[in-house]
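Here the structure comes first, spelled out in structure tokens, and everything after it is commentary.
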Amino acid sequence: MNTRMTRALASVTFGLAVLCGLAFLGTAATHLLDDGAVCVKTGFWANASFGPDGLPVGEGVKASSSTARLCQDGPSAGQRAADLGGRLPWLLFGALALLLFSRLLTGVLRQGPFTDTVARRLSALGWFVAAGTPLAGLVAGWSQSWLAHSMAPVADSGPGLSGPMALILAGLAAVIMGRIMREGVRMREDIEATI
């Protein structure tokens with residue numbers, strides 16, 4: 001096992017987790033203090049026209065015709081929170097997933113790759129990715145659809161998913177690999193005990 005590469009990857013992963021966490025905090029802080037317009041893209045009106053003869057939009061909302069990009073000048077607190085809800089879940093998810101991956105690599109460095117600790121950390125990472133992906137996607141998607149609905153009431157404001165849902169499969173694969181590794185560790189311990 002190349003420990004130098006694993007050590008470097010663990011350090012880089014931890015650094016990326018810290019950067020994602022700082023980006024999460026910085027985005028939240030700067031966006032709450034910002035008094036500018038809030039914008040949202042929606043596919044609800046693909047290739048539709050806006051204005052007096054087209055789809056209605058709320059007062060103070062600027063809309064570009066076929067791109068379905070809505071911007072609200074002087075947004076309400078709810079609109080600003082919904083805009084943050086569309087941005088922050090994926091930053092938080094990324095920071096926590098990278099932190100769990102860094103812990104997994106640290107466990108590999110300390111105890112080796114085929115240990116019960118590494119198997120448990122791999123399973124924990126897998127469950128986090130499998131459950132956190134749809135949760136972050138639901139929060140972000142629903143926030144964006146609510147924001148679009150608040151600017152143009154004819155838009156759908158129901159639940160929606162955004163982001164790469166294929167990560168669920170990667171998370172489930174990590175859970176399965178963690179269980180396989182745990183069984184392998186138990187079998188090795190049983191063999192060592194009988195010899």
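Each chain in the structure tokens gets a letter, A, B, ..., in the order shown, and its residues are numbered from 1; ligands are numbered from 1 in order too.
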
Which residues are near region 88-90 of chain A? Cut-off 9 Å, only C-alpha atoms, ignore same chain within fewer than 5 positions. Put them as a short mmCIF file (atom, residue, chain, number, x, y, z; two decimals) with N, CA and C atoms, in the first residue's frame.
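So out32.cif came out as:
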data_model
loop_
_atom_site.label_atom_id
_atom_site.label_comp_id
_atom_site.auth_asym_id
_atom_site.auth_seq_id
_atom_site.Cartn_x
_atom_site.Cartn_y
_atom_site.Cartn_z
N PHE A 24 -19.42 27.40 2.59
CA PHE A 24 -20.77 27.35 3.15
C PHE A 24 -21.02 28.54 4.07
N LEU A 25 -20.11 28.76 5.03
CA LEU A 25 -20.27 29.87 5.97
C LEU A 25 -20.18 31.22 5.28
N THR A 27 -20.78 31.96 2.07
CA THR A 27 -21.96 32.19 1.23
C THR A 27 -23.15 32.59 2.08
N ALA A 28 -23.35 31.91 3.20
CA ALA A 28 -24.46 32.24 4.08
C ALA A 28 -24.33 33.66 4.63
N ASP A 83 -33.46 31.36 -1.63
CA ASP A 83 -32.28 31.42 -2.49
C ASP A 83 -31.10 30.73 -1.81
N ALA A 95 -19.02 19.31 2.06
CA ALA A 95 -18.07 19.44 3.17
C ALA A 95 -18.11 18.23 4.08
N THR A 133 -27.78 12.65 -0.38
CA THR A 133 -27.98 13.13 -1.75
C THR A 133 -29.43 13.51 -2.01
N LEU A 135 -31.75 14.12 0.17
CA LEU A 135 -32.15 15.16 1.12
C LEU A 135 -31.66 16.54 0.66
N ALA A 136 -30.38 16.64 0.30
CA ALA A 136 -29.85 17.91 -0.20
C ALA A 136 -30.54 18.31 -1.50
N GLY A 137 -30.78 17.33 -2.38
CA GLY A 137 -31.47 17.61 -3.64
C GLY A 137 -32.89 18.08 -3.43
N VAL A 139 -34.12 19.62 -0.61
CA VAL A 139 -34.10 20.97 -0.02
C VAL A 139 -33.77 22.01 -1.09
N ALA A 140 -32.75 21.73 -1.90
CA ALA A 140 -32.35 22.69 -2.94
C ALA A 140 -33.43 22.83 -4.01
N GLY A 163 -29.66 18.29 -8.60
CA GLY A 163 -28.35 17.71 -8.32
C GLY A 163 -28.21 16.31 -8.86
#

(request) Extract, using only C-alpha atoms, all DNA, RNA and protein residues at most 10 Å from Ser102 (chain A), discarding same-chain residues fewer than 5 positions from it, and format them as number ranges by chain. (result) A: 6-7, 9-17, 96-97, 107-108, 121

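With only C-alpha atoms as the basis for measurement, A:Leu92 is the residue among A:Met181, A:Ala193, A:Cys39, A:Leu92 that approaches Leu22 (chain A) most closely.
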
Spatial neighbours of Gly85 (chain A), max dist 9 Å, only C-alpha atoms, sep filter under 5 positions, as an mmCIF file with N, CA and C atoms, in the first residue's frame:
data_model
loop_
_atom_site.group_PDB
_atom_site.id
_atom_site.type_symbol
_atom_site.label_atom_id
_atom_site.label_comp_id
_atom_site.auth_asym_id
_atom_site.auth_seq_id
_atom_site.Cartn_x
_atom_site.Cartn_y
_atom_site.Cartn_z
ATOM 1 N N ARG A 80 -35.071 35.441 0.144
ATOM 2 C CA ARG A 80 -33.626 35.355 0.381
ATOM 3 C C ARG A 80 -33.271 34.012 1.025
ATOM 4 N N VAL A 139 -34.116 19.617 -0.606
ATOM 5 C CA VAL A 139 -34.097 20.970 -0.020
ATOM 6 C C VAL A 139 -33.771 22.012 -1.090
ATOM 7 N N ALA A 140 -32.745 21.734 -1.903
ATOM 8 C CA ALA A 140 -32.354 22.691 -2.939
ATOM 9 C C ALA A 140 -33.433 22.830 -4.005
ATOM 10 N N GLY A 141 -33.978 21.717 -4.453
ATOM 11 C CA GLY A 141 -35.005 21.761 -5.499
ATOM 12 C C GLY A 141 -36.285 22.431 -5.043
ATOM 13 N N TRP A 142 -36.715 22.118 -3.829
ATOM 14 C CA TRP A 142 -37.945 22.714 -3.316
ATOM 15 C C TRP A 142 -37.753 24.204 -3.055
ATOM 16 N N SER A 143 -36.587 24.584 -2.566
ATOM 17 C CA SER A 143 -36.312 26.007 -2.343
ATOM 18 C C SER A 143 -36.372 26.781 -3.654
ATOM 19 N N GLN A 144 -35.770 26.215 -4.701
ATOM 20 C CA GLN A 144 -35.773 26.897 -5.997
ATOM 21 C C GLN A 144 -37.179 26.980 -6.581
#

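Across the structure, CA of Gly58 (chain A) and CA of Met151 (chain A) are spaced 5.5 Å apart.
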
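Each of A:Phe114, A:Thr106, A:Val40, A:Pro164 was compared to Arg188 (chain A) using only C-alpha atoms, and A:Phe114 turns out to be the nearest.
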
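For the pair CA of Ser76 (chain A) and CA of Pro134 (chain A), the separation is 27.3 Å.
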
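Remark: for Thr3 (chain A), the closest of the candidate residues A:Gly112, A:Gly132, A:Pro153, A:Gly171 is A:Gly112 (distances computed over only C-alpha atoms).
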
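For the set A:Gly36, A:Met165, A:Thr194, A:Leu99, the residue with the smallest atom-to-atom gap to Gly74 (chain A) is A:Gly36, counting only C-alpha atoms.
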
(request) Find the residue from A:Val38, A:Val118, A:Leu105, A:Gln111 that sits nearest to Gly86 (chain A); use only C-alpha atoms when measuring. (result) A:Val38

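Of the listed residues (A:Val185, A:Ala166, A:Leu147, A:Met177), A:Val185 comes nearest to Asp116 (chain A); the distances count only C-alpha atoms.
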
Name all residues at most 8 Å from Ala170 (chain A) (count only C-alpha atoms; drop same-chain ones fewer than 2 positions away) and give them as a PDB file with N, CA and C atoms, in the first residue's frame.
ATOM      1  N   GLY A 126     -20.954   5.695   3.044  1.00  0.00           N
ATOM      2  CA  GLY A 126     -21.951   5.249   2.075  1.00  0.00           C
ATOM      3  C   GLY A 126     -23.363   5.627   2.477  1.00  0.00           C
ATOM      4  N   VAL A 129     -23.865   9.410   2.015  1.00  0.00           N
ATOM      5  CA  VAL A 129     -24.034   9.798   0.613  1.00  0.00           C
ATOM      6  C   VAL A 129     -25.384   9.323   0.076  1.00  0.00           C
ATOM      7  N   ALA A 130     -25.776   8.089   0.424  1.00  0.00           N
ATOM      8  CA  ALA A 130     -27.040   7.551  -0.079  1.00  0.00           C
ATOM      9  C   ALA A 130     -28.248   8.307   0.470  1.00  0.00           C
ATOM     10  N   ALA A 166     -27.346  10.256  -9.104  1.00  0.00           N
ATOM     11  CA  ALA A 166     -26.555   9.033  -9.292  1.00  0.00           C
ATOM     12  C   ALA A 166     -25.636   8.773  -8.103  1.00  0.00           C
ATOM     13  N   LEU A 167     -25.404   9.792  -7.277  1.00  0.00           N
ATOM     14  CA  LEU A 167     -24.582   9.599  -6.080  1.00  0.00           C
ATOM     15  C   LEU A 167     -25.216   8.604  -5.108  1.00  0.00           C
ATOM     16  N   ILE A 168     -26.528   8.424  -5.196  1.00  0.00           N
ATOM     17  CA  ILE A 168     -27.201   7.445  -4.338  1.00  0.00           C
ATOM     18  C   ILE A 168     -26.630   6.057  -4.601  1.00  0.00           C
ATOM     19  N   LEU A 172     -24.729   3.575  -1.976  1.00  0.00           N
ATOM     20  CA  LEU A 172     -25.142   2.199  -1.695  1.00  0.00           C
ATOM     21  C   LEU A 172     -24.017   1.210  -1.992  1.00  0.00           C
ATOM     22  N   ALA A 173     -23.236   1.484  -3.033  1.00  0.00           N
ATOM     23  CA  ALA A 173     -22.085   0.622  -3.333  1.00  0.00           C
ATOM     24  C   ALA A 173     -21.071   0.672  -2.192  1.00  0.00           C
ATOM     25  N   ALA A 174     -20.853   1.854  -1.614  1.00  0.00           N
ATOM     26  CA  ALA A 174     -19.932   1.970  -0.478  1.00  0.00           C
ATOM     27  C   ALA A 174     -20.463   1.222   0.739  1.00  0.00           C
TER      28      ALA A 174
END

(request) Apply DSSP to the backbone of this structure and, from region 64-182 of chain A, keep only the residues in helix (DSSP H, G or I); write these as a count of residues only. (result) 87

(message) Rounded to one decimal, what separation in Å do you get between CA of Ser150 (chain A) and CA of Ala23 (chain A)?
(response) 26.7 Å
